[in-house]
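What's in coords-v5.csv: CSV, C-alpha atoms
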chain,number,residue,atom,x,y,z
G,970,MET,CA,-43.8,49.7,103.4
G,971,ARG,CA,-44.3,52.0,106.3
G,972,ASN,CA,-41.2,50.7,108.0
G,973,GLU,CA,-39.1,51.3,105.0
G,974,ALA,CA,-40.4,54.8,104.5
G,975,ALA,CA,-39.8,55.6,108.2
G,976,GLN,CA,-36.3,54.2,108.0
G,977,LEU,CA,-35.6,56.2,104.9
G,978,GLN,CA,-36.9,59.4,106.6
G,979,LYS,CA,-34.7,58.7,109.6
G,980,ASN,CA,-31.6,58.2,107.5
G,981,ILE,CA,-32.4,61.5,105.6
G,982,ILE,CA,-32.6,63.3,109.0
G,983,VAL,CA,-29.4,61.8,110.3
G,984,PHE,CA,-27.6,62.6,107.0
G,985,GLY,CA,-28.9,66.2,107.2
G,986,VAL,CA,-27.8,66.6,110.8
G,987,LEU,CA,-24.3,65.3,110.0
G,988,PHE,CA,-24.1,67.4,106.9
G,989,LEU,CA,-25.1,70.5,108.9
G,990,LEU,CA,-22.5,69.7,111.6
G,991,SER,CA,-19.8,69.0,109.1
G,992,SER,CA,-20.5,72.3,107.4
G,993,PHE,CA,-20.6,74.1,110.7
G,994,PHE,CA,-17.2,72.7,111.8
G,995,LEU,CA,-15.6,73.2,108.4
G,996,PHE,CA,-16.8,76.8,108.3
G,997,GLY,CA,-16.0,77.4,112.0
G,998,ASP,CA,-12.4,76.0,111.5
G,999,LYS,CA,-11.8,78.3,108.6
G,1000,LYS,CA,-13.1,81.3,110.6
G,1001,GLY,CA,-11.3,80.3,113.8
G,1002,PHE,CA,-14.2,80.5,116.2
G,1003,ILE,CA,-14.1,76.8,117.2
G,1004,LEU,CA,-10.4,76.7,118.3
G,1005,GLY,CA,-11.5,76.4,122.0
G,1006,ILE,CA,-13.7,73.4,121.2
G,1007,LYS,CA,-11.0,71.9,119.0
G,1008,SER,CA,-8.3,72.2,121.7
G,1009,VAL,CA,-10.5,70.5,124.3
G,1010,PHE,CA,-10.9,67.4,122.0
G,1011,GLN,CA,-7.1,67.5,121.1
G,1012,ARG,CA,-5.8,67.7,124.7
G,1013,PRO,CA,-6.2,64.0,125.6
G,1014,PHE,CA,-4.6,62.9,122.4
G,1015,LEU,CA,-1.7,65.4,123.0
G,1016,TRP,CA,-1.1,63.9,126.4
G,1017,VAL,CA,-0.6,60.5,124.8
G,1018,GLU,CA,1.3,61.9,121.8
G,1019,VAL,CA,4.0,63.7,123.8
G,1020,PRO,CA,5.5,60.6,125.5
G,1021,PHE,CA,5.3,58.6,122.3
G,1022,HIS,CA,7.1,61.4,120.5
G,1023,ASN,CA,9.9,61.6,123.2
G,1024,LEU,CA,10.2,57.8,123.2
G,1025,SER,CA,10.6,57.9,119.5
G,1026,ASN,CA,13.3,60.5,119.7
G,1027,THR,CA,15.2,58.6,122.5
G,1028,THR,CA,15.0,55.3,120.7
G,1029,GLY,CA,16.2,57.0,117.5
G,1030,SER,CA,19.1,58.7,119.3
G,1031,PHE,CA,20.1,55.4,121.1
G,1032,TYR,CA,19.9,53.5,117.8
G,1033,SER,CA,22.1,56.1,116.1
G,1034,TYR,CA,24.6,56.1,119.0
G,1035,VAL,CA,24.9,52.2,118.9
G,1036,ILE,CA,25.2,52.2,115.1
G,1037,ALA,CA,27.9,55.0,115.2
G,1038,TRP,CA,29.9,53.5,118.1
G,1039,PRO,CA,32.6,51.7,116.0
G,1040,GLU,CA,33.2,54.8,113.9
G,1041,ARG,CA,33.2,57.0,117.1
G,1042,GLU,CA,35.8,54.6,118.7
G,1043,LYS,CA,38.0,54.8,115.6
G,1044,LYS,CA,38.0,58.6,115.6
G,1045,LEU,CA,38.7,58.7,119.3
G,1046,LYS,CA,41.7,56.4,118.9
G,1047,THR,CA,43.0,58.5,116.0
G,1048,LEU,CA,42.8,61.6,118.2
G,1049,GLU,CA,44.6,59.9,121.0
G,1050,ASN,CA,47.4,58.8,118.7
G,1051,GLN,CA,47.7,62.4,117.3
G,1052,LEU,CA,47.9,63.8,120.8
G,1053,VAL,CA,50.7,61.3,121.7
G,1054,GLU,CA,52.6,62.2,118.5
G,1055,ILE,CA,52.2,65.9,119.3
G,1056,SER,CA,53.4,65.4,122.9
G,1057,VAL,CA,56.5,63.4,121.6
G,1058,ASP,CA,57.3,66.1,119.0
G,1059,GLN,CA,57.0,68.8,121.6
G,1060,ASN,CA,59.3,66.9,124.0
G,1061,GLN,CA,61.9,66.4,121.3
G,1062,LEU,CA,61.6,70.0,120.3
G,1063,THR,CA,62.2,71.1,123.9
G,1064,ILE,CA,65.3,68.8,124.2
G,1065,LEU,CA,66.7,70.1,120.9
G,1066,GLN,CA,66.2,73.7,122.1
G,1067,GLU,CA,68.0,73.0,125.3
G,1068,GLU,CA,70.9,71.3,123.5
G,1069,ASN,CA,71.1,74.2,121.0
G,1070,GLU,CA,71.2,76.6,123.9
G,1071,LYS,CA,74.0,74.7,125.6
G,1072,MET,CA,75.9,74.4,122.3
G,1073,LYS,CA,75.6,78.2,121.9
G,1074,LYS,CA,77.0,78.7,125.4
G,1075,LEU,CA,79.8,76.3,124.7
G,1076,LEU,CA,80.8,78.0,121.4
G,1077,GLY,CA,80.7,81.3,123.2
G,1078,ALA,CA,82.9,80.2,126.1
G,1079,SER,CA,86.5,81.1,126.4
G,1080,LEU,CA,87.9,77.9,124.8
G,1081,PRO,CA,90.5,77.5,122.1
G,1082,VAL,CA,89.1,77.6,118.6
G,1083,LYS,CA,90.9,74.4,117.5
G,1084,TRP,CA,89.0,72.3,120.1
G,1085,LYS,CA,86.4,70.0,118.7
G,1086,PHE,CA,83.5,68.6,120.7
G,1087,MET,CA,81.0,65.8,120.8
G,1088,ASP,CA,77.8,66.0,122.8
G,1089,ALA,CA,76.8,63.2,125.1
G,1090,LYS,CA,73.8,62.3,127.3
G,1091,VAL,CA,74.2,61.5,130.9
G,1092,ILE,CA,72.6,58.1,131.5
G,1093,GLY,CA,73.9,57.4,135.0
G,1094,THR,CA,75.0,59.4,138.0
G,1095,GLY,CA,76.9,58.7,141.2
G,1096,ASP,CA,80.6,58.9,142.2
G,1097,ILE,CA,81.3,58.0,138.5
G,1098,LEU,CA,79.2,59.5,135.6
G,1099,ARG,CA,78.0,57.3,132.8
G,1100,ILE,CA,77.4,58.8,129.3
G,1101,ASN,CA,76.0,57.4,126.1
G,1102,ARG,CA,79.1,57.6,124.0
G,1103,GLY,CA,81.7,54.9,123.6
G,1104,LEU,CA,84.2,53.1,121.3
G,1105,ASN,CA,81.7,53.2,118.5
G,1106,ASP,CA,81.8,57.0,118.6
G,1107,GLY,CA,85.6,57.2,118.8
G,1108,ILE,CA,85.8,57.9,122.6
G,1109,GLN,CA,89.1,57.1,124.3
G,1110,ILE,CA,90.2,56.9,127.9
G,1111,GLY,CA,91.7,60.2,129.2
G,1112,MET,CA,89.4,62.5,127.1
G,1113,THR,CA,88.2,65.5,129.0
G,1114,VAL,CA,84.5,66.2,129.5
G,1115,ILE,CA,83.1,69.7,130.0
G,1116,SER,CA,79.9,71.7,130.4
G,1117,GLU,CA,80.4,75.1,128.7
G,1118,ASN,CA,83.9,76.1,130.0
G,1119,ILE,CA,83.5,74.1,133.3
G,1120,LEU,CA,85.3,70.8,133.9
G,1121,VAL,CA,83.1,67.8,134.4
G,1122,GLY,CA,85.7,65.1,134.5
G,1123,LYS,CA,87.9,62.7,132.5
G,1124,ILE,CA,87.0,59.5,130.7
G,1125,SER,CA,88.2,56.5,132.8
G,1126,LYS,CA,86.6,53.5,131.1
G,1127,VAL,CA,85.1,53.0,127.6
G,1128,ASN,CA,82.7,50.4,126.4
G,1129,SER,CA,81.3,50.0,122.9
G,1130,GLN,CA,78.3,52.2,123.4
G,1131,ASP,CA,78.9,54.0,126.7
G,1132,SER,CA,81.7,55.4,128.9
G,1133,LEU,CA,82.5,56.2,132.5
G,1134,LEU,CA,84.1,59.4,133.7
G,1135,ASP,CA,85.7,60.4,137.0
G,1136,LEU,CA,84.3,63.6,138.6
G,1137,PRO,CA,86.5,66.2,140.4
G,1138,ASP,CA,84.6,65.5,143.7
G,1139,ARG,CA,85.6,61.8,143.6
G,1140,VAL,CA,87.2,61.0,147.0
G,1141,ASP,CA,91.0,61.6,146.8
G,1142,TYR,CA,90.9,62.6,143.2
G,1143,LYS,CA,93.6,65.2,142.6
G,1144,ILE,CA,93.9,68.0,140.0
G,1145,PRO,CA,96.6,70.6,139.7
G,1146,VAL,CA,94.9,74.0,139.9
G,1147,LEU,CA,95.4,77.8,139.8
G,1148,VAL,CA,93.5,80.3,142.0
G,1149,LYS,CA,92.5,83.5,140.2
G,1150,SER,CA,90.7,86.7,141.1
G,1151,ASN,CA,88.9,89.3,139.0
G,1152,LEU,CA,88.2,86.7,136.4
G,1153,ASN,CA,86.8,88.0,133.0
G,1154,LYS,CA,84.9,86.2,130.3
G,1155,GLN,CA,88.1,84.8,128.8
G,1156,ASN,CA,89.0,83.2,132.2
G,1157,GLU,CA,91.8,85.6,132.5
G,1158,GLY,CA,92.5,87.2,135.8
G,1159,VAL,CA,95.1,87.8,138.5
G,1160,THR,CA,96.7,84.5,139.5
G,1161,GLN,CA,96.8,84.4,143.3
G,1162,ALA,CA,98.0,80.9,144.1
G,1163,LYS,CA,98.7,77.4,142.9
G,1164,GLY,CA,97.8,74.2,144.6
G,1165,VAL,CA,96.1,70.8,144.3
G,1166,LEU,CA,92.4,70.2,144.3
G,1167,THR,CA,91.2,67.1,146.1
G,1168,GLY,CA,87.8,65.5,145.9
G,1169,LEU,CA,85.9,64.9,149.2
G,1170,GLY,CA,82.7,63.3,147.7
G,1171,GLN,CA,79.1,64.5,147.4
G,1172,ASN,CA,79.9,67.7,145.4
G,1173,LYS,CA,82.6,68.8,147.9
G,1174,LEU,CA,86.1,69.9,147.0
G,1175,GLU,CA,89.2,71.1,148.9
G,1176,ILE,CA,92.3,73.0,147.7
G,1177,ASP,CA,95.6,72.1,149.5
G,1178,ARG,CA,99.3,72.6,149.1
G,1179,VAL,CA,99.0,76.3,148.7
G,1180,LEU,CA,102.0,78.2,150.1
G,1181,GLN,CA,101.4,80.5,153.1
G,1182,GLU,CA,102.8,83.5,151.2
G,1183,GLU,CA,100.2,83.1,148.4
G,1184,LYS,CA,96.8,84.6,148.6
G,1185,LEU,CA,93.5,82.8,149.0
G,1186,ALA,CA,90.2,84.7,149.3
G,1187,LYS,CA,86.6,83.8,149.3
G,1188,ASP,CA,85.0,83.8,145.9
G,1189,ASP,CA,88.3,83.4,144.0
G,1190,TYR,CA,88.0,81.0,141.1
G,1191,VAL,CA,89.8,77.7,140.8
G,1192,LEU,CA,90.9,76.5,137.3
G,1193,THR,CA,93.0,73.7,135.9
G,1194,THR,CA,96.7,74.5,135.3
G,1195,GLY,CA,97.0,72.1,132.3
G,1196,GLU,CA,99.4,69.8,134.1
G,1197,ASP,CA,99.1,66.0,134.5
G,1198,ASN,CA,97.3,65.7,131.1
G,1199,TRP,CA,94.5,68.0,132.1
G,1200,LEU,CA,93.4,70.6,129.6
G,1201,PRO,CA,94.3,74.1,130.8
G,1202,ASN,CA,92.1,77.0,132.0
G,1203,LEU,CA,88.9,75.1,132.7
G,1204,LEU,CA,86.8,76.4,135.6
G,1205,ILE,CA,86.1,74.0,138.5
G,1206,GLY,CA,84.7,76.1,141.4
G,1207,ARG,CA,85.0,79.0,143.7
G,1208,ILE,CA,86.6,79.2,147.1
G,1209,ASP,CA,84.1,79.1,149.9
G,1210,GLN,CA,86.1,79.2,153.1
G,1211,VAL,CA,89.9,79.6,153.8
G,1212,ASP,CA,91.7,77.7,156.7
G,1213,SER,CA,93.6,80.6,158.4
G,1214,ASN,CA,96.0,78.3,160.3
G,1215,LYS,CA,99.2,80.3,159.9
G,1216,THR,CA,101.4,77.6,161.7
G,1217,ALA,CA,100.7,75.0,159.0
G,1218,ILE,CA,103.1,74.6,156.1
G,1219,TYR,CA,100.3,74.9,153.5
G,1220,GLN,CA,97.1,76.8,153.3
G,1221,LYS,CA,93.8,75.0,152.7
G,1222,ALA,CA,90.3,76.1,151.5
G,1223,THR,CA,87.0,74.5,150.8
G,1224,VAL,CA,85.8,74.9,147.2
G,1225,LEU,CA,82.2,74.9,145.9
G,1226,PRO,CA,81.8,73.4,142.4
G,1227,LEU,CA,80.3,75.7,139.8
G,1228,ILE,CA,77.9,72.9,138.7
G,1229,ASP,CA,76.0,70.1,140.4
G,1230,TYR,CA,77.5,67.0,138.8
G,1231,GLN,CA,74.5,64.8,139.7
G,1232,LYS,CA,72.0,67.1,137.8
G,1233,LEU,CA,73.9,67.2,134.5
G,1234,GLU,CA,71.9,66.0,131.5
G,1235,THR,CA,74.0,66.9,128.5
G,1236,VAL,CA,77.9,67.2,128.5
G,1237,PHE,CA,80.5,67.7,125.8
G,1238,ILE,CA,83.6,65.6,125.2
G,1239,VAL,CA,86.7,67.3,123.9
G,1240,ILE,CA,87.6,65.0,121.0
G,1241,LYS,CA,90.4,67.2,119.6
G,1242,ASN,CA,92.5,69.9,121.2

Just dump the structure as structure tokens.
Amino acid sequence: MRNEAAQLQKNIIVFGVLFLLSSFFLFGDKKGFILGIKSVFQRPFLWVEVPFHNLSNTTGSFYSYVIAWPEREKKLKTLENQLVEISVDQNQLTILQEENEKMKKLLGASLPVKWKFMDAKVIGTGDILRINRGLNDGIQIGMTVISENILVGKISKVNSQDSLLDLPDRVDYKIPVLVKSNLNKQNEGVTQAKGVLTGLGQNKLEIDRVLQEEKLAKDDYVLTTGEDNWLPNLLIGRIDQVDSNKTAIYQKATVLPLIDYQKLETVFIVIKN
């Protein structure tokens, strides 16, 4: 009986102490004067909690990244396709703007109103130019090709979908020409001489068979006469240097083309004149 009474008394004491401690901590927590003690006991647990919290966030982010990968790839592919389409559209717009600008210059050039034109892309360069128009477009041998009001050449061979044209600088190619000075926008000026333009290759030209009594001067313009089935009054080049050999029967002069035939991208075929 004594042992049981002692044990009961001991339990009552322990219960009382725990009750007093609980009341103390509850009251102290509400009043805030045990925060220091509380932080001391929390610190070890926080040291363990932080890594677990970071690991949880990292694992969750990685899991979300893996799960969302197919959708992310799909969106990326869609954006890439859109960028390609925008790039193609921009390139086509630039090409159309360049063609429109060239067409404006062509229509504003000093050419007969009755002439009709067809644009063509240059798809091959060299001694002979290749363009992307042929029999299917109604192109025929002998048609004249121009850039604005400048002579580019004449069609020499026609295939179903493309054509070849001879350039003025083709070796030994001959064109009857006039030499004019003080040229205006209508290609009208003072006719100084008449001769034959000969191709020397590589963008080089020479005018020959000009009588000694006729005048040749640097920067005079060279144009087609309209003879030998060439359309008239088309610009070709400007005189660069005159051969001043007075003992020769004819005068000669080197001529610089007004365009670089090898850098042409778009030309116009005269389909009706």

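Of the listed residues G:Leu1052, G:Ile1100, G:Val1091, G:Val1211, the one whose atoms come nearest to Asn1128 (chain G) is G:Ile1100, with distances taken using only C-alpha atoms.
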
Could you state the separation of CA of Gly1122 (chain G) and CA of Tyr1219 (chain G) in Å, given to one decimal place?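 So the two atoms, CA of Gly1122 (chain G) and CA of Tyr1219 (chain G), lie 25.9 Å apart.
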
Take CA of Gln1161 (chain G) and CA of Asp1135 (chain G) and report the distance between them in Å, one decimal.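 Taking CA of Gln1161 (chain G) and CA of Asp1135 (chain G), their separation equals 27.2 Å.
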
Please provide the set of residues having any atom within 6 Å of region 1176-1180 of chain G, restricted to all atoms listed in the file, with same-chain residues fewer than 2 positions apart removed, written as a short mmCIF file (atom, residue, chain, number, x, y, z; two decimals) with C-alpha atoms, in the coordinates of the input.
data_model
loop_
_atom_site.label_atom_id
_atom_site.label_comp_id
_atom_site.auth_asym_id
_atom_site.auth_seq_id
_atom_site.Cartn_x
_atom_site.Cartn_y
_atom_site.Cartn_z
CA LYS G 1163 98.70 77.40 142.90
CA GLY G 1164 97.80 74.20 144.60
CA VAL G 1165 96.10 70.80 144.30
CA LEU G 1166 92.40 70.20 144.30
CA GLU G 1182 102.80 83.50 151.20
CA GLU G 1183 100.20 83.10 148.40
CA TYR G 1219 100.30 74.90 153.50
CA GLN G 1220 97.10 76.80 153.30
CA LYS G 1221 93.80 75.00 152.70
CA ALA G 1222 90.30 76.10 151.50
#

CA of Ile1238 (chain G) and CA of Met1112 (chain G) are how many Å apart?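 Separating CA of Ile1238 (chain G) from CA of Met1112 (chain G) is a distance of 6.8 Å.
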
When you get a chance, write out N, CA and C atoms for region 1204-1228 of chain G, as a PDB file, in the coordinates of the input.
ATOM      1  N   LEU G1204      87.340  76.045 134.247  1.00  0.00           N
ATOM      2  CA  LEU G1204      86.800  76.400 135.600  1.00  0.00           C
ATOM      3  C   LEU G1204      86.363  75.111 136.309  1.00  0.00           C
ATOM      4  N   ILE G1205      86.531  75.134 137.626  1.00  0.00           N
ATOM      5  CA  ILE G1205      86.100  74.000 138.500  1.00  0.00           C
ATOM      6  C   ILE G1205      85.119  74.528 139.550  1.00  0.00           C
ATOM      7  N   GLY G1206      85.569  75.573 140.279  1.00  0.00           N
ATOM      8  CA  GLY G1206      84.700  76.100 141.400  1.00  0.00           C
ATOM      9  C   GLY G1206      85.209  77.392 141.921  1.00  0.00           C
ATOM     10  N   ARG G1207      84.614  77.775 143.062  1.00  0.00           N
ATOM     11  CA  ARG G1207      85.000  79.000 143.700  1.00  0.00           C
ATOM     12  C   ARG G1207      85.298  78.714 145.201  1.00  0.00           C
ATOM     13  N   ILE G1208      86.264  79.429 145.735  1.00  0.00           N
ATOM     14  CA  ILE G1208      86.600  79.200 147.100  1.00  0.00           C
ATOM     15  C   ILE G1208      85.517  79.698 148.045  1.00  0.00           C
ATOM     16  N   ASP G1209      85.197  78.827 149.002  1.00  0.00           N
ATOM     17  CA  ASP G1209      84.100  79.100 149.900  1.00  0.00           C
ATOM     18  C   ASP G1209      84.641  79.590 151.287  1.00  0.00           C
ATOM     19  N   GLN G1210      85.613  78.868 151.810  1.00  0.00           N
ATOM     20  CA  GLN G1210      86.100  79.200 153.100  1.00  0.00           C
ATOM     21  C   GLN G1210      87.626  78.846 153.194  1.00  0.00           C
ATOM     22  N   VAL G1211      88.436  79.767 153.744  1.00  0.00           N
ATOM     23  CA  VAL G1211      89.900  79.600 153.800  1.00  0.00           C
ATOM     24  C   VAL G1211      90.279  79.185 155.253  1.00  0.00           C
ATOM     25  N   ASP G1212      91.128  78.156 155.353  1.00  0.00           N
ATOM     26  CA  ASP G1212      91.700  77.700 156.700  1.00  0.00           C
ATOM     27  C   ASP G1212      92.814  78.707 156.996  1.00  0.00           C
ATOM     28  N   SER G1213      92.635  79.495 158.050  1.00  0.00           N
ATOM     29  CA  SER G1213      93.600  80.600 158.400  1.00  0.00           C
ATOM     30  C   SER G1213      94.666  80.121 159.399  1.00  0.00           C
ATOM     31  N   ASN G1214      94.989  78.820 159.424  1.00  0.00           N
ATOM     32  CA  ASN G1214      96.000  78.300 160.300  1.00  0.00           C
ATOM     33  C   ASN G1214      97.404  78.726 159.820  1.00  0.00           C
ATOM     34  N   LYS G1215      97.951  79.748 160.408  1.00  0.00           N
ATOM     35  CA  LYS G1215      99.200  80.300 159.900  1.00  0.00           C
ATOM     36  C   LYS G1215     100.419  79.400 160.320  1.00  0.00           C
ATOM     37  N   THR G1216     100.233  78.475 161.264  1.00  0.00           N
ATOM     38  CA  THR G1216     101.400  77.600 161.700  1.00  0.00           C
ATOM     39  C   THR G1216     101.555  76.417 160.775  1.00  0.00           C
ATOM     40  N   ALA G1217     100.570  76.128 159.918  1.00  0.00           N
ATOM     41  CA  ALA G1217     100.700  75.000 159.000  1.00  0.00           C
ATOM     42  C   ALA G1217     101.596  75.352 157.832  1.00  0.00           C
ATOM     43  N   ILE G1218     102.162  74.330 157.213  1.00  0.00           N
ATOM     44  CA  ILE G1218     103.100  74.600 156.100  1.00  0.00           C
ATOM     45  C   ILE G1218     102.275  75.092 154.874  1.00  0.00           C
ATOM     46  N   TYR G1219     101.113  74.517 154.655  1.00  0.00           N
ATOM     47  CA  TYR G1219     100.300  74.900 153.500  1.00  0.00           C
ATOM     48  C   TYR G1219      98.955  75.472 153.935  1.00  0.00           C
ATOM     49  N   GLN G1220      98.424  76.306 153.076  1.00  0.00           N
ATOM     50  CA  GLN G1220      97.100  76.800 153.300  1.00  0.00           C
ATOM     51  C   GLN G1220      96.058  75.791 152.666  1.00  0.00           C
ATOM     52  N   LYS G1221      94.859  75.793 153.227  1.00  0.00           N
ATOM     53  CA  LYS G1221      93.800  75.000 152.700  1.00  0.00           C
ATOM     54  C   LYS G1221      92.514  75.839 152.548  1.00  0.00           C
ATOM     55  N   ALA G1222      91.628  75.387 151.689  1.00  0.00           N
ATOM     56  CA  ALA G1222      90.300  76.100 151.500  1.00  0.00           C
ATOM     57  C   ALA G1222      89.315  75.135 150.950  1.00  0.00           C
ATOM     58  N   THR G1223      88.089  75.278 151.392  1.00  0.00           N
ATOM     59  CA  THR G1223      87.000  74.500 150.800  1.00  0.00           C
ATOM     60  C   THR G1223      86.555  75.194 149.506  1.00  0.00           C
ATOM     61  N   VAL G1224      86.177  74.382 148.543  1.00  0.00           N
ATOM     62  CA  VAL G1224      85.800  74.900 147.200  1.00  0.00           C
ATOM     63  C   VAL G1224      84.411  74.385 146.850  1.00  0.00           C
ATOM     64  N   LEU G1225      83.565  75.283 146.364  1.00  0.00           N
ATOM     65  CA  LEU G1225      82.200  74.900 145.900  1.00  0.00           C
ATOM     66  C   LEU G1225      82.251  74.740 144.379  1.00  0.00           C
ATOM     67  N   PRO G1226      81.858  73.562 143.873  1.00  0.00           N
ATOM     68  CA  PRO G1226      81.800  73.400 142.400  1.00  0.00           C
ATOM     69  C   PRO G1226      80.836  74.375 141.767  1.00  0.00           C
ATOM     70  N   LEU G1227      81.128  74.744 140.532  1.00  0.00           N
ATOM     71  CA  LEU G1227      80.300  75.700 139.800  1.00  0.00           C
ATOM     72  C   LEU G1227      79.028  74.980 139.226  1.00  0.00           C
ATOM     73  N   ILE G1228      79.029  73.646 139.214  1.00  0.00           N
ATOM     74  CA  ILE G1228      77.900  72.900 138.700  1.00  0.00           C
ATOM     75  C   ILE G1228      77.595  71.740 139.686  1.00  0.00           C
TER      76      ILE G1228
END
